[in-house]
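Structure file work.txt; described as compact mmCIF, C-alpha atoms and all ligand atoms.
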# COMPACT_ATOMS: atom_id res chain seq x y z
CA MET K 1 6.61 -30.24 -19.05
CA LYS K 2 6.68 -27.14 -16.85
CA THR K 3 10.11 -25.78 -15.92
CA GLU K 4 11.12 -22.86 -13.73
CA ASN K 5 10.78 -20.54 -16.71
CA THR K 6 7.45 -21.63 -18.10
CA GLY K 7 4.02 -21.96 -16.58
CA TYR K 8 2.18 -19.50 -14.39
CA ILE K 9 2.06 -18.34 -10.78
CA LEU K 10 -1.36 -17.74 -9.26
CA GLY K 11 -1.28 -14.99 -6.61
CA ILE K 12 -3.96 -14.63 -3.92
CA GLU K 13 -4.42 -11.74 -1.48
CA THR K 14 -7.13 -11.52 1.21
CA SER K 15 -5.36 -9.83 4.13
CA CYS K 16 -7.82 -6.95 4.54
CA ASP K 17 -10.73 -5.74 2.43
CA GLU K 18 -9.83 -6.83 -1.12
CA THR K 19 -10.44 -10.34 -2.42
CA ALA K 20 -7.71 -10.34 -5.02
CA GLY K 21 -6.14 -12.75 -7.48
CA ALA K 22 -3.62 -12.45 -10.31
CA VAL K 23 -1.77 -14.64 -12.76
CA TYR K 24 1.94 -14.10 -13.57
CA SER K 25 3.47 -15.62 -16.69
CA LEU K 26 6.95 -16.97 -15.94
CA SER K 27 8.00 -17.04 -19.59
CA ASP K 28 6.90 -13.46 -20.33
CA GLU K 29 7.75 -12.14 -16.81
CA LYS K 30 4.40 -10.35 -16.83
CA ILE K 31 1.11 -10.12 -14.96
CA ILE K 32 -1.55 -11.40 -17.35
CA SER K 33 -4.62 -11.03 -15.12
CA ASN K 34 -5.27 -8.92 -12.05
CA LYS K 35 -8.90 -9.09 -10.97
CA LEU K 36 -10.25 -8.32 -7.54
CA PHE K 37 -13.37 -7.56 -5.59
CA SER K 38 -13.08 -4.46 -3.39
CA GLN K 39 -15.20 -4.42 -0.24
CA ILE K 40 -14.99 -0.63 0.18
CA ASP K 41 -18.75 -0.20 -0.28
CA LEU K 42 -19.47 -2.77 2.46
CA HIS K 43 -17.33 -0.92 5.03
CA LYS K 44 -17.98 2.68 3.96
CA ILE K 45 -20.89 3.31 6.31
CA TYR K 46 -18.74 2.29 9.31
CA GLY K 47 -15.86 4.61 8.35
CA GLY K 48 -13.38 1.71 8.45
CA VAL K 49 -12.97 -2.04 7.88
CA VAL K 50 -15.18 -4.33 10.01
CA PRO K 51 -13.26 -7.64 10.36
CA GLU K 52 -16.31 -9.97 10.53
CA ILE K 53 -17.86 -8.41 7.42
CA ALA K 54 -14.50 -8.65 5.63
CA SER K 55 -13.94 -12.37 6.26
CA ARG K 56 -17.53 -13.30 5.33
CA SER K 57 -17.26 -11.36 2.07
CA HIS K 58 -13.91 -13.04 1.23
CA LEU K 59 -15.60 -16.43 1.67
CA GLU K 60 -18.39 -15.44 -0.69
CA LYS K 61 -16.07 -14.11 -3.39
CA ILE K 62 -12.82 -16.09 -3.35
CA ASP K 63 -13.71 -18.89 -5.76
CA LEU K 64 -15.43 -16.48 -8.18
CA ILE K 65 -12.45 -14.12 -8.24
CA ILE K 66 -9.93 -16.91 -8.76
CA GLN K 67 -12.05 -18.37 -11.54
CA GLU K 68 -12.30 -14.93 -13.16
CA ASN K 69 -8.51 -14.57 -13.04
CA ILE K 70 -7.90 -17.98 -14.61
CA GLU K 71 -10.37 -17.14 -17.38
CA ALA K 72 -8.96 -13.64 -17.96
CA ALA K 73 -5.45 -15.12 -18.21
CA GLY K 74 -6.72 -17.60 -20.81
CA ILE K 75 -5.15 -20.57 -19.05
CA THR K 76 -6.33 -23.77 -17.39
CA LEU K 77 -5.66 -24.88 -13.81
CA ASP K 78 -3.15 -27.53 -14.91
CA GLN K 79 -0.91 -24.80 -16.38
CA ILE K 80 -0.34 -23.24 -12.93
CA SER K 81 3.13 -24.00 -11.55
CA ALA K 82 2.63 -22.73 -7.98
CA ILE K 83 0.22 -20.79 -5.79
CA ALA K 84 1.46 -17.77 -3.83
CA VAL K 85 -0.73 -16.36 -1.07
CA THR K 86 -0.51 -13.64 1.59
CA SER K 87 0.25 -15.25 4.95
CA LYS K 88 0.79 -12.11 7.11
CA PRO K 89 0.22 -9.46 8.38
CA GLY K 90 -3.49 -8.71 8.25
CA LEU K 91 -6.85 -9.59 9.75
CA ALA K 92 -6.77 -13.24 10.90
CA GLY K 93 -10.24 -14.12 9.61
CA SER K 94 -9.51 -12.53 6.23
CA LEU K 95 -6.05 -14.08 5.83
CA LEU K 96 -7.39 -17.53 6.68
CA VAL K 97 -9.83 -17.49 3.75
CA GLY K 98 -7.19 -16.94 1.05
CA PHE K 99 -4.58 -19.06 2.85
CA SER K 100 -6.88 -22.10 3.23
CA PHE K 101 -8.15 -21.72 -0.33
CA ALA K 102 -4.58 -21.59 -1.68
CA LYS K 103 -3.49 -24.62 0.33
CA ALA K 104 -6.46 -26.70 -0.80
CA LEU K 105 -5.94 -25.78 -4.46
CA ALA K 106 -2.18 -26.39 -4.31
CA TRP K 107 -2.78 -29.76 -2.67
CA SER K 108 -5.39 -30.80 -5.24
CA LEU K 109 -3.14 -29.73 -8.17
CA ASN K 110 -0.05 -31.20 -6.48
CA ILE K 111 1.98 -28.01 -6.97
CA PRO K 112 4.05 -25.85 -4.58
CA PHE K 113 2.37 -23.59 -2.08
CA ILE K 114 4.21 -20.31 -1.41
CA PRO K 115 3.33 -18.09 1.60
CA VAL K 116 4.16 -14.41 0.94
CA ASP K 117 4.54 -11.54 3.39
CA HIS K 118 2.07 -8.80 2.39
CA LEU K 119 4.66 -6.10 3.07
CA GLU K 120 7.19 -7.82 0.81
CA GLY K 121 4.44 -7.80 -1.81
CA HIS K 122 4.06 -4.03 -1.45
CA ILE K 123 7.85 -3.46 -1.60
CA PHE K 124 8.17 -5.26 -4.95
CA SER K 125 4.95 -3.82 -6.44
CA ALA K 126 7.15 -0.99 -7.78
CA PHE K 127 8.90 -3.60 -9.94
CA LEU K 128 5.79 -3.89 -12.13
CA ASP K 129 5.15 -1.34 -14.87
CA SER K 130 1.64 -0.12 -15.64
CA SER K 131 1.12 -2.97 -18.16
CA GLY K 132 2.18 -5.58 -15.59
CA ASN K 133 5.65 -6.27 -17.02
CA LYS K 134 8.42 -6.94 -14.54
CA ARG K 135 10.78 -3.96 -14.55
CA GLU K 136 14.50 -4.65 -14.94
CA ASP K 137 15.67 -1.04 -14.70
CA ILE K 138 15.39 -0.44 -10.95
CA PRO K 139 18.83 -0.28 -9.33
CA PHE K 140 19.78 -1.68 -5.91
CA PRO K 141 20.34 -0.81 -3.12
CA LEU K 142 17.29 1.38 -2.75
CA ILE K 143 15.03 2.74 -0.10
CA THR K 144 11.32 1.87 -0.19
CA CYS K 145 8.64 4.01 1.49
CA SER K 146 5.66 1.70 1.96
CA VAL K 147 2.67 3.74 3.02
CA SER K 148 -0.93 2.62 3.36
CA GLY K 149 -3.85 2.59 5.78
CA GLY K 150 -2.09 -0.08 7.84
CA HIS K 151 1.61 0.79 7.61
CA SER K 152 4.17 3.55 7.07
CA SER K 153 7.50 1.82 6.80
CA LEU K 154 10.97 2.32 5.38
CA TYR K 155 13.02 -0.55 3.99
CA GLN K 156 16.51 -0.79 2.65
CA VAL K 157 16.18 -3.17 -0.30
CA ASN K 158 19.35 -4.87 -1.58
CA ASN K 159 17.76 -7.33 -4.00
CA PHE K 160 14.67 -9.47 -4.54
CA GLY K 161 13.93 -11.08 -1.20
CA GLU K 162 16.75 -9.14 0.52
CA TYR K 163 15.46 -6.22 2.51
CA THR K 164 15.82 -4.70 5.98
CA HIS K 165 13.11 -2.86 7.83
CA ILE K 166 14.71 0.39 9.03
CA GLY K 167 11.74 2.45 10.19
CA ASN K 168 8.10 2.32 11.09
CA THR K 169 5.24 4.42 12.31
CA LEU K 170 5.11 4.57 16.08
CA ASP K 171 1.33 4.97 16.04
CA ASP K 172 -1.06 5.64 13.12
CA ALA K 173 -0.13 4.99 9.49
CA ALA K 174 -0.18 7.95 7.08
CA GLY K 175 -3.22 6.52 5.22
CA GLU K 176 -4.94 6.15 8.57
CA ALA K 177 -4.25 9.84 9.27
CA PHE K 178 -5.90 10.76 5.95
CA ASP K 179 -8.87 8.48 6.77
CA LYS K 180 -9.32 9.67 10.38
CA ILE K 181 -8.99 13.37 9.57
CA ALA K 182 -11.36 13.02 6.60
CA LYS K 183 -13.88 11.49 9.01
CA LEU K 184 -13.22 14.25 11.55
CA ILE K 185 -14.15 16.98 9.06
CA GLY K 186 -17.17 15.14 7.64
CA LEU K 187 -15.68 13.68 4.44
CA GLY K 188 -16.16 10.10 3.21
CA TYR K 189 -14.05 6.91 3.32
CA PRO K 190 -11.36 6.22 2.27
CA GLY K 191 -10.12 9.73 3.05
CA GLY K 192 -6.89 9.81 1.01
CA PRO K 193 -8.36 10.19 -2.50
CA ILE K 194 -11.01 12.70 -1.31
CA ILE K 195 -8.39 14.81 0.45
CA GLU K 196 -6.17 14.77 -2.63
CA LYS K 197 -9.01 15.99 -4.85
CA LEU K 198 -9.90 18.84 -2.49
CA ALA K 199 -6.23 19.77 -2.06
CA GLU K 200 -5.78 19.91 -5.81
CA SER K 201 -8.73 22.31 -6.11
CA ALA K 202 -6.87 24.62 -3.68
CA ASN K 203 -3.63 24.23 -5.63
CA PHE K 204 -1.94 22.47 -2.70
CA GLN K 205 -1.66 25.61 -0.56
CA ASP K 206 -0.56 25.30 3.03
CA PHE K 207 -3.26 27.40 4.72
CA TYR K 208 -3.01 26.20 8.33
CA LYS K 209 0.62 25.05 8.61
CA TYR K 210 -0.02 22.01 10.81
CA PRO K 211 2.89 21.13 13.10
CA ARG K 212 5.82 19.08 11.84
CA THR K 213 9.39 19.10 12.93
CA LYS K 214 11.52 21.73 11.23
CA ASN K 215 14.73 19.84 11.97
CA LYS K 216 16.11 16.69 10.48
CA PRO K 217 14.26 13.65 11.94
CA LYS K 218 16.25 11.91 14.71
CA ASN K 219 15.58 8.37 13.52
CA TYR K 220 13.68 6.59 10.74
CA ASN K 221 10.33 6.31 12.52
CA PHE K 222 7.17 8.22 11.76
CA SER K 223 4.34 9.41 13.99
CA PHE K 224 1.00 10.60 12.63
CA SER K 225 -1.47 10.31 15.51
CA GLY K 226 -0.54 13.77 16.88
CA LEU K 227 -1.56 15.28 13.55
CA LYS K 228 -5.21 14.32 14.05
CA THR K 229 -5.18 15.94 17.50
CA ALA K 230 -3.46 19.03 16.09
CA VAL K 231 -6.07 19.36 13.32
CA MET K 232 -8.87 18.91 15.83
CA TYR K 233 -7.57 21.59 18.22
CA ASP K 234 -6.95 23.94 15.31
CA LEU K 235 -10.58 23.46 14.24
CA VAL K 236 -11.70 24.16 17.83
CA LYS K 237 -9.64 27.36 17.85
CA ARG K 238 -11.22 28.49 14.57
CA GLY K 239 -14.73 27.70 15.87
CA TYR K 240 -15.58 24.75 13.58
CA TYR K 241 -15.38 21.97 16.14
CA SER K 242 -16.62 21.49 19.69
CA LEU K 243 -14.83 19.14 22.10
CA GLU K 244 -18.25 18.32 23.63
CA SER K 245 -20.43 17.84 20.54
CA GLY K 246 -17.98 17.33 17.66
CA LEU K 247 -18.07 18.98 14.27
CA ILE K 248 -20.24 22.10 13.99
CA LYS K 249 -21.93 21.10 10.76
CA GLU K 250 -23.36 24.55 9.87
CA LYS K 251 -19.90 26.11 10.04
CA ILE K 252 -17.70 23.55 8.32
CA THR K 253 -18.20 24.66 4.74
CA LYS K 254 -16.68 23.07 1.67
CA GLU K 255 -14.13 25.90 1.68
CA ILE K 256 -12.95 25.02 5.18
CA GLN K 257 -12.82 21.30 4.37
CA THR K 258 -10.71 22.17 1.33
CA LYS K 259 -8.31 24.30 3.37
CA VAL K 260 -7.87 21.51 5.95
CA ALA K 261 -7.38 18.90 3.19
CA SER K 262 -4.80 20.97 1.32
CA SER K 263 -2.84 21.88 4.47
CA LEU K 264 -2.91 18.25 5.64
CA LEU K 265 -1.61 16.86 2.36
CA VAL K 266 1.23 19.39 2.20
CA CYS K 267 2.14 18.56 5.82
CA ILE K 268 2.21 14.77 5.24
CA ALA K 269 4.20 15.16 2.01
CA ASP K 270 6.71 17.32 3.93
CA ILE K 271 7.16 14.63 6.57
CA PHE K 272 8.07 12.06 3.88
CA LEU K 273 10.34 14.51 2.08
CA LYS K 274 12.33 15.26 5.24
CA MET K 275 12.68 11.57 5.98
CA LEU K 276 13.87 10.70 2.48
CA ASP K 277 16.34 13.56 2.57
CA LYS K 278 17.74 12.19 5.85
CA VAL K 279 18.02 8.68 4.38
CA PHE K 280 19.94 9.96 1.34
CA THR K 281 22.33 11.83 3.64
CA ASP K 282 22.82 8.93 6.08
CA PHE K 283 23.09 6.19 3.42
CA PRO K 284 25.10 7.71 0.54
CA ASP K 285 25.26 4.34 -1.29
CA ILE K 286 21.49 4.22 -1.78
CA THR K 287 20.84 4.63 -5.52
CA GLY K 288 17.22 5.68 -5.33
CA ALA K 289 13.80 5.40 -3.77
CA THR K 290 10.51 3.67 -4.46
CA PHE K 291 7.10 4.66 -3.14
CA VAL K 292 4.47 1.93 -2.69
CA GLY K 293 1.21 1.14 -0.85
CA GLY K 294 -2.22 2.75 -1.09
CA VAL K 295 -0.94 6.27 -0.35
CA SER K 296 1.41 6.03 -3.35
CA CYS K 297 -1.69 6.71 -5.50
CA ASN K 298 -1.21 10.32 -4.40
CA LYS K 299 0.11 12.34 -7.34
CA TYR K 300 1.16 15.32 -5.21
CA ILE K 301 3.37 13.21 -2.92
CA ILE K 302 4.77 11.39 -5.97
CA ARG K 303 5.67 14.74 -7.56
CA LYS K 304 7.37 16.02 -4.42
CA LEU K 305 9.41 12.82 -3.88
CA GLU K 306 10.36 12.77 -7.56
CA GLU K 307 11.59 16.38 -7.37
CA LEU K 308 13.77 15.54 -4.37
CA CYS K 309 15.22 12.44 -6.08
CA ASP K 310 15.98 14.47 -9.23
CA LYS K 311 17.73 17.11 -7.14
CA LYS K 312 19.80 14.47 -5.35
CA ASN K 313 20.53 12.59 -8.55
CA LYS K 314 18.71 9.47 -7.35
CA PHE K 315 16.47 7.05 -9.20
CA PHE K 316 12.74 7.18 -8.36
CA ALA K 317 9.88 4.77 -9.09
CA TYR K 318 6.42 4.18 -7.66
CA SER K 319 3.95 1.37 -7.99
CA PRO K 320 1.35 1.84 -10.74
CA ARG K 321 -2.07 2.72 -9.32
CA GLN K 322 -3.60 -0.75 -9.84
CA PHE K 323 -0.69 -2.31 -7.93
CA SER K 324 -0.57 0.31 -5.14
CA THR K 325 -3.64 -0.61 -3.17
CA ASP K 326 -3.91 -4.26 -2.11
CA ASN K 327 -3.77 -6.63 -5.08
CA GLY K 328 -2.86 -10.17 -6.07
CA ALA K 329 -0.27 -9.13 -8.68
CA MET K 330 2.37 -8.11 -6.13
CA ILE K 331 1.87 -11.45 -4.36
CA ALA K 332 2.22 -13.35 -7.66
CA LEU K 333 5.41 -11.39 -8.50
CA VAL K 334 7.04 -12.21 -5.13
CA GLY K 335 5.78 -15.79 -5.63
CA SER K 336 7.61 -15.96 -8.98
CA TYR K 337 11.07 -15.36 -7.53
CA LYS K 338 10.38 -17.55 -4.51
CA TYR K 339 9.35 -20.24 -6.99
CA LYS K 340 12.56 -19.84 -9.00
CA ASN K 341 14.54 -20.14 -5.76
CA LYS K 342 12.42 -23.08 -4.56
CA LEU K 343 11.34 -21.21 -1.42
CA PHE K 344 8.18 -23.22 -0.90
CA GLY K 345 5.93 -23.39 2.15
CA SER K 346 4.51 -26.45 3.83
CA LEU K 347 0.84 -27.37 3.71
CA SER K 348 0.98 -27.65 7.49
CA SER K 349 2.10 -24.01 7.89
CA ASP K 350 -0.22 -21.41 9.33
CA ILE K 351 -0.94 -17.70 8.88
CA PHE K 352 1.35 -15.28 10.78
CA GLU K 353 4.27 -17.78 10.60
O1 LIG U 401 -2.72 -0.39 0.56
P1 LIG U 401 -4.16 -0.08 0.86
O2 LIG U 401 -5.19 -0.38 -0.19
O3 LIG U 401 -4.66 -0.85 2.12
C1 LIG U 401 -3.98 -0.98 3.29
O4 LIG U 401 -3.18 -1.95 3.41
O5 LIG U 401 -4.21 -0.10 4.14
O6 LIG U 401 -4.21 1.46 1.28
C2 LIG U 401 -5.39 2.14 1.61
C3 LIG U 401 -5.02 3.50 2.15
C4 LIG U 401 -6.18 4.28 2.73
O7 LIG U 401 -5.80 4.79 3.99
C5 LIG U 401 -6.42 5.41 1.73
O8 LIG U 401 -6.94 6.59 2.31
C6 LIG U 401 -5.04 5.61 1.16
O9 LIG U 401 -4.47 4.32 1.08
N1 LIG U 401 -5.08 6.24 -0.17
C7 LIG U 401 -4.61 7.47 -0.43
C8 LIG U 401 -4.90 7.74 -1.79
N2 LIG U 401 -5.52 6.65 -2.32
C9 LIG U 401 -5.62 5.73 -1.31
N3 LIG U 401 -3.98 8.34 0.38
C10 LIG U 401 -3.64 9.53 -0.18
N4 LIG U 401 -3.90 9.88 -1.47
C11 LIG U 401 -4.53 9.02 -2.30
N5 LIG U 401 -4.78 9.37 -3.57
ZN ZN U 402 -1.56 -3.37 1.99
With the file now loaded, output its structure as structure tokens.
Ligand code: KG4
Ligand code: ZN
Amino acid sequence: MKTENTGYILGIETSCDETAGAVYSLSDEKIISNKLFSQIDLHKIYGGVVPEIASRSHLEKIDLIIQENIEAAGITLDQISAIAVTSKPGLAGSLLVGFSFAKALAWSLNIPFIPVDHLEGHIFSAFLDSSGNKREDIPFPLITCSVSGGHSSLYQVNNFGEYTHIGNTLDDAAGEAFDKIAKLIGLGYPGGPIIEKLAESANFQDFYKYPRTKNKPKNYNFSFSGLKTAVMYDLVKRGYYSLESGLIKEKITKEIQTKVASSLLVCIADIFLKMLDKVFTDFPDITGATFVGGVSCNKYIIRKLEELCDKKNKFFAYSPRQFSTDNGAMIALVGSYKYKNKLFGSLSSDIFE
């Protein structure tokens, strides 16, 4: 018989452009499969995610991916104790695919159905180590910087399931800034990893010193949309961009792209550093920080945040790369503690609830 400490949680995530599944073992407290299909290649030519293409692709892939996860975990469907699925936020058509699939499977197996907030998934992704084991060494209360293409948020996290949203981006997310500026200077999608590579080749020098506040931030909100405008006007000033016809392709050499990329990364890292410094000053009881979401793949920002935490004598952790971008493992992990606390959803619930 399955108890709260045996069996497996199936996690499903389809909020944007990854059709993702994962299996979490309750007895080993470990992710034992984490397979997904990334739609990046389908959206690349448009420079961003196209919602209709995303939902159609989820429909094509969902049963295959879930089957692959069950097989990779080496279990059978009747060993699953509950199904956790992303319910919000995200693209409605994409969310509905995973949500409906999860409901139908939970109903047919007669097991609990657990809706999970995608952002809660990201927060707790730092509680998985690179082998998928649940970490027990992360102290509370902590501050989480959750940064991706869709969000740049700060949370005060007091325990599993206990967190307060203290700050947000007022406009674009930091990942979105990387993506939009990469597009502006003729680089590919997604922009973040390409910009990091170029910046590394320039040894993370701050060539152009893009604007950021020199003072302590006034509150816990971010704003990144002005950065794209600042980069654009700087390129105009230097003669690489025309406000009428766009990028002047003959002039924007690899060297210039590299200088923009390096300056941009240093600027964005600085913005996060200043914010974290303010949080440590304003909330002296905070024991440390975690860095999660797609942008937490960035080794330079990790290094800078780690240095600050060391200096301030604070703990620091970040989500392993495979759990940083959207994935089913973080949903399965949140599902596991909701399962232990019997926080189940109803089969009549809907997305965005
Ligand atoms: O979490 P995620 O997969 O999807 C969203 O929920 O948005 O994050 C994707 C975002 C993209 O904006 C991408 O450019 C950014 O994460 N990203 C990075 C890096 N890898 C991915 N940004 C900076 N440096 C990276 N190495
Ligand atoms: Zn995400």
| query | Hey, what's within 12 Å of His151 (chain K) if we count only C-alpha atoms and toss same-chain stuff fewer than 4 positions away? As a PyMOL selection string, please? | reply | chain K and resi 89-90+118-119+122-123+145-147+167-177+221-224+292-295
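With all atoms listed in the file as the atoms that count, the minimum distance from Thr144 (chain K) to the choices K:Ile45, K:Ala104, K:Ile194, K:Ala289 is reached by K:Ala289.
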| Between K:Ala261, K:Gly186, K:Ser15, K:Asp310, which has the minimum distance to Tyr240 (chain K) (counting all atoms listed in the file)? | K:Gly186
| task | Give the residue list for ligand LIG 401 (chain U) at 6 Å, counting all atoms listed in the file, as a PyMOL selection string, sorted by chain and then by residue number. | result | chain K and resi 148-150+175-176+178-179+190-193+196+293-295+297-298+325-326
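Between CA of Ser94 (chain K) and CA of Ser153 (chain K) the separation is 22.3 Å.
CA of Asp28 (chain K) is positioned 22.5 Å from CA of Ala106 (chain K).
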My structure is short of atoms at region 88-97 of chain K; please model all heavy atoms there, returning them as a PDB file, keeping the file's coordinate frame.
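Written output follows (result_36.pdb):
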ATOM      1  N   LYS K  88       0.712 -13.094   6.015  1.00  0.00           N
ATOM      2  CA  LYS K  88       0.790 -12.110   7.110  1.00  0.00           C
ATOM      3  C   LYS K  88       1.246 -10.783   6.544  1.00  0.00           C
ATOM      4  O   LYS K  88       1.769 -10.775   5.423  1.00  0.00           O
ATOM      5  CB  LYS K  88       1.775 -12.571   8.192  1.00  0.00           C
ATOM      6  CG  LYS K  88       3.215 -12.648   7.658  1.00  0.00           C
ATOM      7  CD  LYS K  88       4.211 -13.034   8.682  1.00  0.00           C
ATOM      8  CE  LYS K  88       5.559 -13.187   8.044  1.00  0.00           C
ATOM      9  NZ  LYS K  88       6.602 -13.681   8.826  1.00  0.00           N
ATOM     10  N   PRO K  89       1.150  -9.685   7.266  1.00  0.00           N
ATOM     11  CA  PRO K  89       0.220  -9.460   8.380  1.00  0.00           C
ATOM     12  C   PRO K  89      -1.166  -9.167   7.832  1.00  0.00           C
ATOM     13  O   PRO K  89      -1.323  -9.034   6.615  1.00  0.00           O
ATOM     14  CB  PRO K  89       0.818  -8.222   9.063  1.00  0.00           C
ATOM     15  CG  PRO K  89       1.504  -7.472   7.970  1.00  0.00           C
ATOM     16  CD  PRO K  89       1.945  -8.496   6.950  1.00  0.00           C
ATOM     17  N   GLY K  90      -2.135  -9.015   8.712  1.00  0.00           N
ATOM     18  CA  GLY K  90      -3.490  -8.710   8.250  1.00  0.00           C
ATOM     19  C   GLY K  90      -4.510  -9.169   9.279  1.00  0.00           C
ATOM     20  O   GLY K  90      -4.164  -9.543  10.402  1.00  0.00           O
ATOM     21  N   LEU K  91      -5.771  -9.152   8.870  1.00  0.00           N
ATOM     22  CA  LEU K  91      -6.850  -9.590   9.750  1.00  0.00           C
ATOM     23  C   LEU K  91      -6.896 -11.120   9.704  1.00  0.00           C
ATOM     24  O   LEU K  91      -6.945 -11.699   8.606  1.00  0.00           O
ATOM     25  CB  LEU K  91      -8.192  -9.037   9.268  1.00  0.00           C
ATOM     26  CG  LEU K  91      -8.288  -7.511   9.163  1.00  0.00           C
ATOM     27  CD1 LEU K  91      -9.547  -7.094   8.421  1.00  0.00           C
ATOM     28  CD2 LEU K  91      -8.282  -6.923  10.573  1.00  0.00           C
ATOM     29  N   ALA K  92      -6.883 -11.766  10.868  1.00  0.00           N
ATOM     30  CA  ALA K  92      -6.770 -13.240  10.900  1.00  0.00           C
ATOM     31  C   ALA K  92      -7.877 -13.901  10.082  1.00  0.00           C
ATOM     32  O   ALA K  92      -7.619 -14.777   9.243  1.00  0.00           O
ATOM     33  CB  ALA K  92      -6.801 -13.720  12.348  1.00  0.00           C
ATOM     34  N   GLY K  93      -9.112 -13.480  10.308  1.00  0.00           N
ATOM     35  CA  GLY K  93     -10.240 -14.120   9.610  1.00  0.00           C
ATOM     36  C   GLY K  93     -10.152 -13.944   8.106  1.00  0.00           C
ATOM     37  O   GLY K  93     -10.525 -14.839   7.337  1.00  0.00           O
ATOM     38  N   SER K  94      -9.642 -12.811   7.669  1.00  0.00           N
ATOM     39  CA  SER K  94      -9.510 -12.530   6.230  1.00  0.00           C
ATOM     40  C   SER K  94      -8.357 -13.342   5.632  1.00  0.00           C
ATOM     41  O   SER K  94      -8.503 -13.983   4.589  1.00  0.00           O
ATOM     42  CB  SER K  94      -9.254 -11.044   6.002  1.00  0.00           C
ATOM     43  OG  SER K  94     -10.390 -10.301   6.348  1.00  0.00           O
ATOM     44  N   LEU K  95      -7.210 -13.325   6.319  1.00  0.00           N
ATOM     45  CA  LEU K  95      -6.050 -14.080   5.830  1.00  0.00           C
ATOM     46  C   LEU K  95      -6.379 -15.556   5.673  1.00  0.00           C
ATOM     47  O   LEU K  95      -6.004 -16.196   4.679  1.00  0.00           O
ATOM     48  CB  LEU K  95      -4.887 -13.958   6.834  1.00  0.00           C
ATOM     49  CG  LEU K  95      -4.109 -12.647   6.847  1.00  0.00           C
ATOM     50  CD1 LEU K  95      -3.244 -12.572   8.102  1.00  0.00           C
ATOM     51  CD2 LEU K  95      -3.232 -12.518   5.595  1.00  0.00           C
ATOM     52  N   LEU K  96      -7.111 -16.086   6.675  1.00  0.00           N
ATOM     53  CA  LEU K  96      -7.390 -17.530   6.680  1.00  0.00           C
ATOM     54  C   LEU K  96      -8.164 -17.977   5.438  1.00  0.00           C
ATOM     55  O   LEU K  96      -7.963 -19.090   4.951  1.00  0.00           O
ATOM     56  CB  LEU K  96      -8.206 -17.898   7.923  1.00  0.00           C
ATOM     57  CG  LEU K  96      -7.382 -18.267   9.156  1.00  0.00           C
ATOM     58  CD1 LEU K  96      -8.286 -18.452  10.362  1.00  0.00           C
ATOM     59  CD2 LEU K  96      -6.567 -19.551   8.894  1.00  0.00           C
ATOM     60  N   VAL K  97      -9.019 -17.097   4.913  1.00  0.00           N
ATOM     61  CA  VAL K  97      -9.830 -17.490   3.750  1.00  0.00           C
ATOM     62  C   VAL K  97      -8.929 -17.752   2.542  1.00  0.00           C
ATOM     63  O   VAL K  97      -8.964 -18.834   1.944  1.00  0.00           O
ATOM     64  CB  VAL K  97     -10.889 -16.409   3.418  1.00  0.00           C
ATOM     65  CG1 VAL K  97     -11.652 -16.788   2.151  1.00  0.00           C
ATOM     66  CG2 VAL K  97     -11.851 -16.216   4.581  1.00  0.00           C
TER      67      VAL K  97
END
